Every structure is written in structure tokens, then in C-alpha cells.
file model.pdb (PDB, C-alpha atoms and all ligand atoms)
ATOM      1  CA  MET A   1      -0.988  -2.646 124.545  1.00  0.00           C
ATOM      2  CA  ARG A   2      -4.685  -1.759 124.925  1.00  0.00           C
ATOM      3  CA  ILE A   3      -5.089   1.892 124.088  1.00  0.00           C
ATOM      4  CA  ALA A   4      -8.244   3.973 124.368  1.00  0.00           C
ATOM      5  CA  VAL A   5      -8.041   6.985 122.077  1.00  0.00           C
ATOM      6  CA  ILE A   6     -10.495   9.622 123.253  1.00  0.00           C
ATOM      7  CA  GLY A   7     -11.368  12.077 120.496  1.00  0.00           C
ATOM      8  CA  THR A   8     -11.521  11.089 116.851  1.00  0.00           C
ATOM      9  CA  GLY A   9     -10.352  14.295 115.173  1.00  0.00           C
ATOM     10  CA  ASN A  10      -7.001  15.200 113.660  1.00  0.00           C
ATOM     11  CA  ILE A  11      -4.910  14.030 116.592  1.00  0.00           C
ATOM     12  CA  GLY A  12      -6.949  11.090 117.845  1.00  0.00           C
ATOM     13  CA  GLY A  13      -7.654   9.811 114.342  1.00  0.00           C
ATOM     14  CA  THR A  14      -4.085  10.132 113.119  1.00  0.00           C
ATOM     15  CA  LEU A  15      -2.400   8.710 116.216  1.00  0.00           C
ATOM     16  CA  GLY A  16      -5.020   6.018 116.733  1.00  0.00           C
ATOM     17  CA  ARG A  17      -4.602   4.728 113.192  1.00  0.00           C
ATOM     18  CA  ALA A  18      -0.820   4.689 113.506  1.00  0.00           C
ATOM     19  CA  LEU A  19      -0.937   2.919 116.863  1.00  0.00           C
ATOM     20  CA  ALA A  20      -3.382   0.338 115.509  1.00  0.00           C
ATOM     21  CA  HIS A  21      -1.272  -0.250 112.417  1.00  0.00           C
ATOM     22  CA  ALA A  22       1.709  -0.836 114.726  1.00  0.00           C
ATOM     23  CA  GLY A  23      -0.181  -3.704 116.346  1.00  0.00           C
ATOM     24  CA  ASN A  24      -1.737  -2.120 119.417  1.00  0.00           C
ATOM     25  CA  GLU A  25      -5.309  -2.886 120.372  1.00  0.00           C
ATOM     26  CA  VAL A  26      -6.911   0.514 119.877  1.00  0.00           C
ATOM     27  CA  SER A  27     -10.446   1.519 120.761  1.00  0.00           C
ATOM     28  CA  PHE A  28     -11.704   4.926 119.689  1.00  0.00           C
ATOM     29  CA  GLY A  29     -13.964   6.655 122.206  1.00  0.00           C
ATOM     30  CA  SER A  30     -16.336   9.111 120.601  1.00  0.00           C
ATOM     31  CA  ARG A  31     -19.337  11.239 121.496  1.00  0.00           C
ATOM     32  CA  GLN A  32     -20.865   9.971 118.264  1.00  0.00           C
ATOM     33  CA  PRO A  33     -19.811   6.340 118.082  1.00  0.00           C
ATOM     34  CA  ASP A  34     -19.526   4.748 114.685  1.00  0.00           C
ATOM     35  CA  SER A  35     -20.136   7.926 112.737  1.00  0.00           C
ATOM     36  CA  ASP A  36     -16.464   8.394 111.872  1.00  0.00           C
ATOM     37  CA  GLY A  37     -13.869   6.637 109.856  1.00  0.00           C
ATOM     38  CA  ALA A  38     -13.346   5.146 106.477  1.00  0.00           C
ATOM     39  CA  PRO A  39     -14.237   1.536 105.826  1.00  0.00           C
ATOM     40  CA  GLY A  40     -11.264  -0.716 105.395  1.00  0.00           C
ATOM     41  CA  ASP A  41      -8.795   1.011 107.700  1.00  0.00           C
ATOM     42  CA  ALA A  42      -8.098   0.518 111.377  1.00  0.00           C
ATOM     43  CA  PHE A  43     -10.427   3.371 112.164  1.00  0.00           C
ATOM     44  CA  GLU A  44     -13.558   1.488 111.223  1.00  0.00           C
ATOM     45  CA  ARG A  45     -15.293   1.564 114.527  1.00  0.00           C
ATOM     46  CA  SER A  46     -15.655   3.964 117.401  1.00  0.00           C
ATOM     47  CA  VAL A  47     -17.521   3.234 120.598  1.00  0.00           C
ATOM     48  CA  PRO A  48     -18.914   5.316 123.469  1.00  0.00           C
ATOM     49  CA  VAL A  49     -16.128   6.804 125.586  1.00  0.00           C
ATOM     50  CA  ALA A  50     -16.940   4.670 128.655  1.00  0.00           C
ATOM     51  CA  GLU A  51     -16.754   1.528 126.551  1.00  0.00           C
ATOM     52  CA  ALA A  52     -13.425   2.525 125.017  1.00  0.00           C
ATOM     53  CA  LEU A  53     -11.952   3.026 128.486  1.00  0.00           C
ATOM     54  CA  GLU A  54     -12.841  -0.471 129.665  1.00  0.00           C
ATOM     55  CA  GLY A  55      -9.674  -2.503 130.202  1.00  0.00           C
ATOM     56  CA  ALA A  56      -7.402   0.139 128.666  1.00  0.00           C
ATOM     57  CA  ASP A  57      -3.735   0.193 129.751  1.00  0.00           C
ATOM     58  CA  VAL A  58      -3.257   3.600 128.148  1.00  0.00           C
ATOM     59  CA  VAL A  59      -5.689   6.452 127.512  1.00  0.00           C
ATOM     60  CA  LEU A  60      -4.683   8.932 124.844  1.00  0.00           C
ATOM     61  CA  LEU A  61      -6.514  12.179 125.497  1.00  0.00           C
ATOM     62  CA  ALA A  62      -7.058  13.917 122.147  1.00  0.00           C
ATOM     63  CA  ILE A  63     -10.009  16.205 122.810  1.00  0.00           C
ATOM     64  CA  PRO A  64     -10.227  20.009 122.981  1.00  0.00           C
ATOM     65  CA  ALA A  65      -8.879  21.454 126.237  1.00  0.00           C
ATOM     66  CA  ALA A  66     -12.331  22.894 126.885  1.00  0.00           C
ATOM     67  CA  ALA A  67     -13.763  19.367 126.946  1.00  0.00           C
ATOM     68  CA  VAL A  68     -11.302  17.936 129.482  1.00  0.00           C
ATOM     69  CA  ALA A  69     -13.281  18.971 132.591  1.00  0.00           C
ATOM     70  CA  GLU A  70     -16.416  17.271 131.288  1.00  0.00           C
ATOM     71  CA  PHE A  71     -14.436  14.164 130.336  1.00  0.00           C
ATOM     72  CA  LEU A  72     -12.949  13.978 133.837  1.00  0.00           C
ATOM     73  CA  GLU A  73     -16.279  14.599 135.513  1.00  0.00           C
ATOM     74  CA  GLU A  74     -17.777  11.619 133.718  1.00  0.00           C
ATOM     75  CA  HIS A  75     -14.833   9.229 133.492  1.00  0.00           C
ATOM     76  CA  ALA A  76     -12.183  10.026 136.146  1.00  0.00           C
ATOM     77  CA  GLY A  77     -13.292   6.966 138.109  1.00  0.00           C
ATOM     78  CA  ARG A  78     -12.089   4.719 135.275  1.00  0.00           C
ATOM     79  CA  LEU A  79      -8.566   6.177 135.167  1.00  0.00           C
ATOM     80  CA  ALA A  80      -7.125   4.716 138.387  1.00  0.00           C
ATOM     81  CA  GLY A  81      -3.853   2.970 137.569  1.00  0.00           C
ATOM     82  CA  VAL A  82      -4.157   3.854 133.881  1.00  0.00           C
ATOM     83  CA  LEU A  83      -1.469   5.763 131.989  1.00  0.00           C
ATOM     84  CA  VAL A  84      -3.102   8.927 130.643  1.00  0.00           C
ATOM     85  CA  VAL A  85      -1.174  10.404 127.721  1.00  0.00           C
ATOM     86  CA  ASP A  86      -2.199  14.037 127.482  1.00  0.00           C
ATOM     87  CA  ALA A  87      -2.056  15.435 123.944  1.00  0.00           C
ATOM     88  CA  THR A  88      -4.429  18.317 124.672  1.00  0.00           C
ATOM     89  CA  ASN A  89      -3.304  21.908 124.319  1.00  0.00           C
ATOM     90  CA  ASN A  90      -4.813  24.967 125.906  1.00  0.00           C
ATOM     91  CA  ILE A  91      -2.634  27.554 124.235  1.00  0.00           C
ATOM     92  CA  ARG A  92      -4.553  30.511 125.643  1.00  0.00           C
ATOM     93  CA  ALA A  93      -4.157  29.351 129.237  1.00  0.00           C
ATOM     94  CA  GLU A  94      -1.172  29.976 131.489  1.00  0.00           C
ATOM     95  CA  VAL A  95      -0.676  26.221 131.705  1.00  0.00           C
ATOM     96  CA  ALA A  96      -1.275  24.422 128.417  1.00  0.00           C
ATOM     97  CA  ASN A  97      -1.588  20.887 129.766  1.00  0.00           C
ATOM     98  CA  ALA A  98      -4.200  19.004 131.787  1.00  0.00           C
ATOM     99  CA  ALA A  99      -1.779  17.505 134.352  1.00  0.00           C
ATOM    100  CA  ALA A 100      -3.198  19.327 137.388  1.00  0.00           C
ATOM    101  CA  ALA A 101      -6.815  18.723 136.404  1.00  0.00           C
ATOM    102  CA  ILE A 102      -6.156  15.017 135.864  1.00  0.00           C
ATOM    103  CA  LYS A 103      -4.253  14.707 139.150  1.00  0.00           C
ATOM    104  CA  GLN A 104      -7.076  16.363 141.040  1.00  0.00           C
ATOM    105  CA  ALA A 105      -9.860  14.345 139.433  1.00  0.00           C
ATOM    106  CA  ALA A 106      -8.002  11.031 139.184  1.00  0.00           C
ATOM    107  CA  PRO A 107      -5.159  10.961 141.749  1.00  0.00           C
ATOM    108  CA  GLU A 108      -4.446   7.316 141.000  1.00  0.00           C
ATOM    109  CA  ALA A 109      -3.931   7.892 137.279  1.00  0.00           C
ATOM    110  CA  ARG A 110      -0.409   7.903 135.808  1.00  0.00           C
ATOM    111  CA  TYR A 111       0.359  10.922 133.646  1.00  0.00           C
ATOM    112  CA  ALA A 112       2.409  11.451 130.505  1.00  0.00           C
ATOM    113  CA  ARG A 113       2.758  14.557 128.377  1.00  0.00           C
ATOM    114  CA  ALA A 114       3.346  13.722 124.712  1.00  0.00           C
ATOM    115  CA  PHE A 115       2.083  14.198 121.164  1.00  0.00           C
ATOM    116  CA  ASN A 116       1.253  17.855 121.719  1.00  0.00           C
ATOM    117  CA  THR A 117       4.235  19.800 120.354  1.00  0.00           C
ATOM    118  CA  LEU A 118       3.899  19.063 116.637  1.00  0.00           C
ATOM    119  CA  GLY A 119       1.032  19.633 114.234  1.00  0.00           C
ATOM    120  CA  TRP A 120      -0.916  16.472 113.449  1.00  0.00           C
ATOM    121  CA  GLU A 121       0.412  16.400 109.880  1.00  0.00           C
ATOM    122  CA  ASN A 122       3.781  15.401 111.297  1.00  0.00           C
ATOM    123  CA  PHE A 123       2.238  12.456 113.133  1.00  0.00           C
ATOM    124  CA  ALA A 124       0.718  11.341 109.836  1.00  0.00           C
ATOM    125  CA  GLU A 125       4.117  11.698 108.114  1.00  0.00           C
ATOM    126  CA  PRO A 126       6.767  11.463 110.830  1.00  0.00           C
ATOM    127  CA  SER A 127       9.671  11.058 108.453  1.00  0.00           C
ATOM    128  CA  PHE A 128      11.530  13.928 106.804  1.00  0.00           C
ATOM    129  CA  ASP A 129      13.597  12.695 103.861  1.00  0.00           C
ATOM    130  CA  GLY A 130      13.982   9.405 105.689  1.00  0.00           C
ATOM    131  CA  VAL A 131      14.828  10.971 109.055  1.00  0.00           C
ATOM    132  CA  ALA A 132      12.362  10.553 111.913  1.00  0.00           C
ATOM    133  CA  ALA A 133      11.430  13.716 113.804  1.00  0.00           C
ATOM    134  CA  ASP A 134      11.996  13.842 117.551  1.00  0.00           C
ATOM    135  CA  LEU A 135       9.049  13.948 119.908  1.00  0.00           C
ATOM    136  CA  PHE A 136       9.739  15.434 123.322  1.00  0.00           C
ATOM    137  CA  PHE A 137       7.821  13.945 126.218  1.00  0.00           C
ATOM    138  CA  SER A 138       7.588  13.698 129.985  1.00  0.00           C
ATOM    139  CA  CYS A 139       6.315  10.950 132.286  1.00  0.00           C
ATOM    140  CA  ALA A 140       7.331   8.959 135.344  1.00  0.00           C
ATOM    141  CA  ALA A 141      10.597   7.104 134.799  1.00  0.00           C
ATOM    142  CA  SER A 142       8.671   3.858 135.346  1.00  0.00           C
ATOM    143  CA  ASP A 143       6.447   4.666 132.339  1.00  0.00           C
ATOM    144  CA  ARG A 144       9.240   5.877 130.078  1.00  0.00           C
ATOM    145  CA  ALA A 145       9.581   2.630 128.109  1.00  0.00           C
ATOM    146  CA  ILE A 146       5.840   2.483 127.453  1.00  0.00           C
ATOM    147  CA  VAL A 147       5.681   6.050 126.159  1.00  0.00           C
ATOM    148  CA  GLU A 148       8.820   5.560 124.099  1.00  0.00           C
ATOM    149  CA  GLY A 149       7.134   2.538 122.555  1.00  0.00           C
ATOM    150  CA  LEU A 150       4.037   4.549 121.642  1.00  0.00           C
ATOM    151  CA  ILE A 151       6.115   7.319 120.097  1.00  0.00           C
ATOM    152  CA  SER A 152       8.194   4.818 118.137  1.00  0.00           C
ATOM    153  CA  ASP A 153       5.007   3.084 116.975  1.00  0.00           C
ATOM    154  CA  VAL A 154       3.937   6.376 115.399  1.00  0.00           C
ATOM    155  CA  GLY A 155       7.310   6.576 113.620  1.00  0.00           C
ATOM    156  CA  LEU A 156       8.876   9.347 115.689  1.00  0.00           C
ATOM    157  CA  ARG A 157      12.055   9.288 117.773  1.00  0.00           C
ATOM    158  CA  PRO A 158      11.319   9.682 121.504  1.00  0.00           C
ATOM    159  CA  ALA A 159      13.130  12.435 123.440  1.00  0.00           C
ATOM    160  CA  PHE A 160      12.609  12.056 127.197  1.00  0.00           C
ATOM    161  CA  LEU A 161      12.744  15.280 129.218  1.00  0.00           C
ATOM    162  CA  GLY A 162      12.220  13.705 132.628  1.00  0.00           C
ATOM    163  CA  GLU A 163       9.471  13.194 135.133  1.00  0.00           C
ATOM    164  CA  GLY A 164       7.030  16.024 135.869  1.00  0.00           C
ATOM    165  CA  ALA A 165       8.511  18.028 132.993  1.00  0.00           C
ATOM    166  CA  GLN A 166       5.230  18.651 131.192  1.00  0.00           C
ATOM    167  CA  ASP A 167       5.690  22.421 131.337  1.00  0.00           C
ATOM    168  CA  MET A 168       9.106  22.051 129.717  1.00  0.00           C
ATOM    169  CA  VAL A 169       7.577  19.927 126.969  1.00  0.00           C
ATOM    170  CA  ASP A 170       4.976  22.649 126.502  1.00  0.00           C
ATOM    171  CA  SER A 171       7.685  25.287 126.128  1.00  0.00           C
ATOM    172  CA  LEU A 172       8.266  23.837 122.650  1.00  0.00           C
ATOM    173  CA  LEU A 173       4.727  24.723 121.597  1.00  0.00           C
ATOM    174  CA  PRO A 174       5.300  28.428 120.885  1.00  0.00           C
ATOM    175  CA  ILE A 175       8.506  27.544 119.044  1.00  0.00           C
ATOM    176  CA  TRP A 176       6.671  25.142 116.741  1.00  0.00           C
ATOM    177  CA  PHE A 177       3.796  27.586 116.161  1.00  0.00           C
ATOM    178  CA  THR A 178       6.183  30.454 115.456  1.00  0.00           C
ATOM    179  CA  LEU A 179       8.183  28.397 112.950  1.00  0.00           C
ATOM    180  CA  ALA A 180       4.987  27.221 111.248  1.00  0.00           C
ATOM    181  CA  GLN A 181       3.689  30.784 110.981  1.00  0.00           C
ATOM    182  CA  GLN A 182       6.949  32.266 109.777  1.00  0.00           C
ATOM    183  CA  ARG A 183       7.549  29.533 107.192  1.00  0.00           C
ATOM    184  CA  GLY A 184       3.931  29.342 106.111  1.00  0.00           C
ATOM    185  CA  HIS A 185       3.479  25.577 106.494  1.00  0.00           C
ATOM    186  CA  ARG A 186       3.082  22.930 109.184  1.00  0.00           C
ATOM    187  CA  ARG A 187       5.436  20.162 108.021  1.00  0.00           C
ATOM    188  CA  ILE A 188       8.005  21.236 110.556  1.00  0.00           C
ATOM    189  CA  ALA A 189       9.610  19.277 113.378  1.00  0.00           C
ATOM    190  CA  LEU A 190      12.687  19.304 115.563  1.00  0.00           C
ATOM    191  CA  ARG A 191      15.596  16.873 115.743  1.00  0.00           C
ATOM    192  CA  ILE A 192      18.369  16.636 118.329  1.00  0.00           C
ATOM    193  CA  LEU A 193      21.876  16.387 116.928  1.00  0.00           C
ATOM    194  CA  GLU A 194      24.307  14.689 119.230  1.00  0.00           C
ATOM    195  CA  ALA A 195      28.011  13.844 118.908  1.00  0.00           C
TER     196      ALA A 195
HETATM  197  N1  LIG A 201      -4.385  19.805 115.532  1.00  0.00           N
HETATM  198  C1  LIG A 201      -3.109  19.670 115.904  1.00  0.00           C
HETATM  199  O1  LIG A 201      -2.192  19.724 115.063  1.00  0.00           O
HETATM  200  C2  LIG A 201      -2.785  19.444 117.354  1.00  0.00           C
HETATM  201  C3  LIG A 201      -1.448  19.180 117.702  1.00  0.00           C
HETATM  202  C4  LIG A 201      -1.141  18.877 119.019  1.00  0.00           C
HETATM  203  C5  LIG A 201      -2.136  18.859 119.986  1.00  0.00           C
HETATM  204  N2  LIG A 201      -3.425  19.157 119.624  1.00  0.00           N
HETATM  205  C6  LIG A 201      -4.435  19.119 120.668  1.00  0.00           C
HETATM  206  O2  LIG A 201      -5.104  17.872 120.561  1.00  0.00           O
HETATM  207  C7  LIG A 201      -6.481  18.018 120.910  1.00  0.00           C
HETATM  208  C8  LIG A 201      -7.327  17.540 119.745  1.00  0.00           C
HETATM  209  O3  LIG A 201      -7.026  18.364 118.621  1.00  0.00           O
HETATM  210  P1  LIG A 201      -7.592  17.998 117.180  1.00  0.00           P
HETATM  211  O4  LIG A 201      -6.886  18.857 116.236  1.00  0.00           O
HETATM  212  O5  LIG A 201      -7.598  16.526 117.001  1.00  0.00           O
HETATM  213  O6  LIG A 201      -9.096  18.518 117.317  1.00  0.00           O
HETATM  214  P2  LIG A 201     -10.339  18.094 116.462  1.00  0.00           P
HETATM  215  O7  LIG A 201      -9.908  17.637 115.103  1.00  0.00           O
HETATM  216  O8  LIG A 201     -11.322  19.187 116.581  1.00  0.00           O
HETATM  217  O9  LIG A 201     -10.882  16.811 117.212  1.00  0.00           O
HETATM  218  C9  LIG A 201     -11.258  16.850 118.567  1.00  0.00           C
HETATM  219  C10 LIG A 201     -12.100  15.645 118.850  1.00  0.00           C
HETATM  220  O10 LIG A 201     -12.426  15.663 120.226  1.00  0.00           O
HETATM  221  C11 LIG A 201     -13.707  15.081 120.407  1.00  0.00           C
HETATM  222  N3  LIG A 201     -14.461  15.880 121.393  1.00  0.00           N
HETATM  223  C12 LIG A 201     -14.823  15.475 122.623  1.00  0.00           C
HETATM  224  N4  LIG A 201     -15.458  16.435 123.287  1.00  0.00           N
HETATM  225  C13 LIG A 201     -15.525  17.492 122.466  1.00  0.00           C
HETATM  226  C14 LIG A 201     -16.091  18.771 122.576  1.00  0.00           C
HETATM  227  N5  LIG A 201     -16.726  19.179 123.696  1.00  0.00           N
HETATM  228  N6  LIG A 201     -15.971  19.612 121.528  1.00  0.00           N
HETATM  229  C15 LIG A 201     -15.347  19.216 120.381  1.00  0.00           C
HETATM  230  N7  LIG A 201     -14.786  17.985 120.223  1.00  0.00           N
HETATM  231  C16 LIG A 201     -14.882  17.133 121.256  1.00  0.00           C
HETATM  232  C17 LIG A 201     -14.349  15.002 119.034  1.00  0.00           C
HETATM  233  O11 LIG A 201     -14.419  13.625 118.686  1.00  0.00           O
HETATM  234  P3  LIG A 201     -15.843  12.923 118.721  1.00  0.00           P
HETATM  235  O12 LIG A 201     -16.773  13.836 117.968  1.00  0.00           O
HETATM  236  O13 LIG A 201     -15.617  11.618 118.043  1.00  0.00           O
HETATM  237  O14 LIG A 201     -16.209  12.806 120.159  1.00  0.00           O
HETATM  238  C18 LIG A 201     -13.420  15.684 118.098  1.00  0.00           C
HETATM  239  O15 LIG A 201     -13.284  15.015 116.866  1.00  0.00           O
HETATM  240  C19 LIG A 201      -6.688  19.479 121.268  1.00  0.00           C
HETATM  241  O16 LIG A 201      -6.578  19.653 122.652  1.00  0.00           O
HETATM  242  C20 LIG A 201      -5.529  20.164 120.548  1.00  0.00           C
HETATM  243  O17 LIG A 201      -5.151  21.376 121.175  1.00  0.00           O
HETATM  244  C21 LIG A 201      -3.763  19.426 118.346  1.00  0.00           C
END
call {"tool": "encode", "arguments": {"input": "model.pdb", "output": "C-alpha cells", "more": "lines below"}}
Ligand SMILES: NC(=O)c1ccc[n+]([C@@H]2O[C@H](COP(=O)([O-])OP(=O)(O)OC[C@H]3O[C@@H](n4cnc5c(N)ncnc54)[C@H](OP(=O)(O)O)[C@@H]3O)[C@@H](O)[C@H]2O)c1
result
Amino acid sequence: MRIAVIGTGNIGGTLGRALAHAGNEVSFGSRQPDSDGAPGDAFERSVPVAEALEGADVVLLAIPAAAVAEFLEEHAGRLAGVLVVDATNNIRAEVANAAAAIKQAAPEARYARAFNTLGWENFAEPSFDGVAADLFFSCAASDRAIVEGLISDVGLRPAFLGEGAQDMVDSLLPIWFTLAQQRGHRRIALRILEA
């Protein structure tokens, strides 16, 4: 899978490394190419955003919500037919995700909502005493297997909530933040128990 990870911070860096280590072909798109990363790991090289997007099957959007409009203005034309995995959060807005903005700017793009309901520390260490945390996500049914593969590659257990269910995915955000605040740490995740 060719994955363009846009944004090289906590989320992009952590997920990009994990996806690369799982065998995906990852390119990191950065505003400051090649200024990030530690030598010797999969994060050695970042390239300009436009270059990272070339030939990508999947684009993982891991930039601040405030930067999404600018990203779309410059690069929406490259997203036709591509699966855009939206990990951005705009917690102060009524709608936390970028689904509508992406649909408007890039109507031909495919959209998935994932990797936004846990703190990045849990993507770096997805296992809790040997048990993988669940990651809730939404996308078209036809993209479900791809997104499940990405989530599994990071070491989490995928939990599909259906198509167009990005707002339902986002409803887990305040729960995670509240638990993290009340318990005073961020190594918290959810797991479905099923008989
Ligand atoms: N932190 C978490 O635990 C967490 C969890 C779930 C979701 N999220 C969401 O994921 C997204 C990324 O979060 P993060 O924690 O990875 O943030 P971060 O560490 O600040 O990294 C954001 C990256 O986005 C890139 N970027 C592009 N345009 C930017 C701009 N105008 N201003 C600042 N950075 C810009 C930067 O990479 P370059 O400098 O290489 O371009 C930067 O490293 C956010 O939307 C956040 O809400 C975060």
C-alpha cells in the first residue's frame, strides 16, 4: 500500500513509522522536507507535500484542523480516487472532522475517519498488557478492508461503525478526553467485550 502521511508531528510521525514498519510504502509530506526524523528509522526522509501525494493509494491527514483548508486549496486536485484517512480533530468546532471540507474540495476522493479518538501515545504503544486497544472508524463499506488493514498494521483492533458514521466516531472524543483528564494520564483506550 502506498501511503502519503501529511504532517510529521505526533500523529503523522507515530502512525507513519508504524505503517512503514508493517511493510507499507510510506512517504512523509512536510512543509519542511527532510528536517525531521531520526537517522536509522523509517522516518528518515520527508518530502514536499505534493511529492508525497504522487501515486499514493491512501493519504493520511495528520495536520492541525486549522491547516486543512490550505492543504485542500493546494492539493485537492491530487485526491481524486484516493482514500483520505482523516485523523484531524477540531475539538472547538461543532463538527470535529474534515469530511465536509474534503467532499467539497475533492468530490472524487474517498473518505475514512480513523486514528482520531485516542491520544498518539496509544498509537505508539497499542497494546495494554498484551491486549490490543480497539480503534473505532468509519468509511465506505468498499474501503473497510483497507482501513482495517491500516489499523491492524498499527497494532490496534479495528471496530467498524459503518459508512458515513464519522460523527459517531467523533462522539468518542470527549469520552477519551474526559477519561484522560480525570485519570491524569493519556495511556487510555477502549475495548469492546463481546460474548
Ligand atoms: N496529539 C494527539 O494525541 C492527537 C490524537 C488524535 C488526533 N489528533 C489530531 O491529529 C492532527 C495532528 O496532531 P499532532 O498532535 O500530530 O500535531 P503536531 O504534533 O503539532 O503535528 C502537526 C504537523 O502538521 C504539520 N502541519 C502542516 N500544516 C501546519 C500548520 N499550518 N501548522 C502547524 N503544523 C502544520 C506539521 O508537520 P510539518 O512541519 O512536517 O509540515 C506538524 O508537525 C491534529 O488535527 C490533531 O487534532 C491528535
call {"tool": "residues_around", "arguments": {"input": "model.pdb", "residues": "A:Arg113", "least_positions_apart": "3", "cutoff": "8 Å", "atoms": "all atoms listed in the file", "output": "VMD selection string"}}
result
chain A and resid 85 to 87 97 116 137 to 139 166 169
call {"tool": "residues_around", "arguments": {"input": "model.pdb", "residues": "A:Gly81", "least_positions_apart": "3", "cutoff": "7 Å", "atoms": "all atoms listed in the file", "output": "list in words"}}
result
Glu108, Ala109 and Arg110 of chain A
call {"tool": "closest_atom_pairs", "arguments": {"input": "model.pdb", "of": "chain A", "to": "ligand LIG 201 (chain A)", "cutoff": "6 Å", "atoms": "all atoms listed in the file", "output": "tab-separated table"}}
result
residue	atom	partner	partner_atom	distance
A:Gly7	CA	A:LIG201	O10	3.7
A:Thr8	CA	A:LIG201	O11	4.3
A:Gly9	CA	A:LIG201	O9	3.3
A:Asn10	CA	A:LIG201	O5	3.6
A:Ile11	CA	A:LIG201	O5	3.7
A:Gly12	CA	A:LIG201	O5	5.5
A:Ser30	CA	A:LIG201	O13	3.7
A:Arg31	CA	A:LIG201	O14	3.7
A:Gln32	CA	A:LIG201	O13	5.5
A:Ala62	CA	A:LIG201	C7	4.3
A:Ile63	CA	A:LIG201	O10	3.6
A:Pro64	CA	A:LIG201	O16	3.7
A:Ala65	CA	A:LIG201	O16	4.6
A:Ala67	CA	A:LIG201	N5	4.4
A:Ala87	CA	A:LIG201	O2	5.2
A:Thr88	CA	A:LIG201	O16	3.2
A:Asn89	CA	A:LIG201	O17	3.7
A:Asn90	CA	A:LIG201	O17	5.9
A:Asn116	CA	A:LIG201	C4	3.8
A:Thr117	CA	A:LIG201	C4	5.6
A:Leu118	CA	A:LIG201	C3	5.5
A:Gly119	CA	A:LIG201	O1	3.3
A:Trp120	CA	A:LIG201	O1	3.8
call {"tool": "atom_distance", "arguments": {"input": "model.pdb", "atom1": "atom CA of A:Phe136", "atom2": "atom CA of A:Leu190"}}
result
9.2 Å
call {"tool": "axis_aligned_box", "arguments": {"input": "model.pdb", "around": "stretch 178-186 of chain A", "padding_each_side": "5 Å", "output": "lines of an AutoDock Vina configuration file"}}
result
center_x = 5.6
center_y = 27.6
center_z = 110.8
size_x = 15.1
size_y = 19.3
size_z = 19.3
call {"tool": "atom_distance", "arguments": {"input": "model.pdb", "atom1": "atom CA of A:Ser171", "atom2": "atom CA of A:Ile91"}}
result
10.7 Å
call {"tool": "residues_near_point", "arguments": {"input": "model.pdb", "point": "(-12.5, -0.4, 128.1)", "cutoff": "12 Å", "atoms": "all atoms listed in the file", "output": "mmCIF file with C-alpha atoms, in the coordinates of the input"}}
result
data_model
loop_
_atom_site.group_PDB
_atom_site.id
_atom_site.type_symbol
_atom_site.label_atom_id
_atom_site.label_comp_id
_atom_site.auth_asym_id
_atom_site.auth_seq_id
_atom_site.Cartn_x
_atom_site.Cartn_y
_atom_site.Cartn_z
ATOM 1 C CA ARG A 2 -4.685 -1.759 124.925
ATOM 2 C CA ILE A 3 -5.089 1.892 124.088
ATOM 3 C CA ALA A 4 -8.244 3.973 124.368
ATOM 4 C CA VAL A 5 -8.041 6.985 122.077
ATOM 5 C CA ILE A 6 -10.495 9.622 123.253
ATOM 6 C CA GLU A 25 -5.309 -2.886 120.372
ATOM 7 C CA VAL A 26 -6.911 0.514 119.877
ATOM 8 C CA SER A 27 -10.446 1.519 120.761
ATOM 9 C CA PHE A 28 -11.704 4.926 119.689
ATOM 10 C CA GLY A 29 -13.964 6.655 122.206
ATOM 11 C CA SER A 46 -15.655 3.964 117.401
ATOM 12 C CA VAL A 47 -17.521 3.234 120.598
ATOM 13 C CA PRO A 48 -18.914 5.316 123.469
ATOM 14 C CA VAL A 49 -16.128 6.804 125.586
ATOM 15 C CA ALA A 50 -16.940 4.670 128.655
ATOM 16 C CA GLU A 51 -16.754 1.528 126.551
ATOM 17 C CA ALA A 52 -13.425 2.525 125.017
ATOM 18 C CA LEU A 53 -11.952 3.026 128.486
ATOM 19 C CA GLU A 54 -12.841 -0.471 129.665
ATOM 20 C CA GLY A 55 -9.674 -2.503 130.202
ATOM 21 C CA ALA A 56 -7.402 0.139 128.666
ATOM 22 C CA ASP A 57 -3.735 0.193 129.751
ATOM 23 C CA VAL A 58 -3.257 3.600 128.148
ATOM 24 C CA VAL A 59 -5.689 6.452 127.512
ATOM 25 C CA HIS A 75 -14.833 9.229 133.492
ATOM 26 C CA ARG A 78 -12.089 4.719 135.275
ATOM 27 C CA LEU A 79 -8.566 6.177 135.167
ATOM 28 C CA VAL A 82 -4.157 3.854 133.881
#
call {"tool": "closest_residue", "arguments": {"input": "model.pdb", "among": "A:Trp176, A:Glu194, A:Ala96, A:Gln104", "to": "A:Leu135", "atoms": "all atoms listed in the file"}}
result
A:Trp176
call {"tool": "closest_residue", "arguments": {"input": "model.pdb", "among": "A:Ala105, A:Phe123, A:Ala66, A:His21", "to": "A:Arg186", "atoms": "only C-alpha atoms"}}
result
A:Phe123
call {"tool": "closest_residue", "arguments": {"input": "model.pdb", "among": "A:Asp143, A:Glu74, A:Glu148, A:Glu125", "to": "A:Gly164", "atoms": "only C-alpha atoms"}}
result
A:Asp143
call {"tool": "closest_residue", "arguments": {"input": "model.pdb", "among": "A:Leu61, A:Glu121, A:Met1, A:Gly13", "to": "A:Ile146", "atoms": "all atoms listed in the file"}}
result
A:Met1
call {"tool": "resolve_selection", "arguments": {"input": "model.pdb", "expression": "the PyMOL selection byres (((chain A and resi 158) around 9) and not hetatm)", "output": "PDB file with C-alpha atoms, in the coordinates of the input"}}
result
ATOM      1  CA  ALA A 133      11.430  13.716 113.804  1.00  0.00           C
ATOM      2  CA  ASP A 134      11.996  13.842 117.551  1.00  0.00           C
ATOM      3  CA  LEU A 135       9.049  13.948 119.908  1.00  0.00           C
ATOM      4  CA  PHE A 136       9.739  15.434 123.322  1.00  0.00           C
ATOM      5  CA  PHE A 137       7.821  13.945 126.218  1.00  0.00           C
ATOM      6  CA  VAL A 147       5.681   6.050 126.159  1.00  0.00           C
ATOM      7  CA  GLU A 148       8.820   5.560 124.099  1.00  0.00           C
ATOM      8  CA  GLY A 149       7.134   2.538 122.555  1.00  0.00           C
ATOM      9  CA  LEU A 150       4.037   4.549 121.642  1.00  0.00           C
ATOM     10  CA  ILE A 151       6.115   7.319 120.097  1.00  0.00           C
ATOM     11  CA  SER A 152       8.194   4.818 118.137  1.00  0.00           C
ATOM     12  CA  LEU A 156       8.876   9.347 115.689  1.00  0.00           C
ATOM     13  CA  ARG A 157      12.055   9.288 117.773  1.00  0.00           C
ATOM     14  CA  ALA A 159      13.130  12.435 123.440  1.00  0.00           C
ATOM     15  CA  PHE A 160      12.609  12.056 127.197  1.00  0.00           C
TER      16      PHE A 160
END
call {"tool": "atom_distance", "arguments": {"input": "model.pdb", "atom1": "atom CA of A:Leu172", "atom2": "atom CA of A:Val95"}}
result
12.9 Å
call {"tool": "closest_residue", "arguments": {"input": "model.pdb", "among": "A:Ile175, A:Ala124, A:Leu193, A:Val154", "to": "A:Gly23", "atoms": "all atoms listed in the file"}}
result
A:Val154
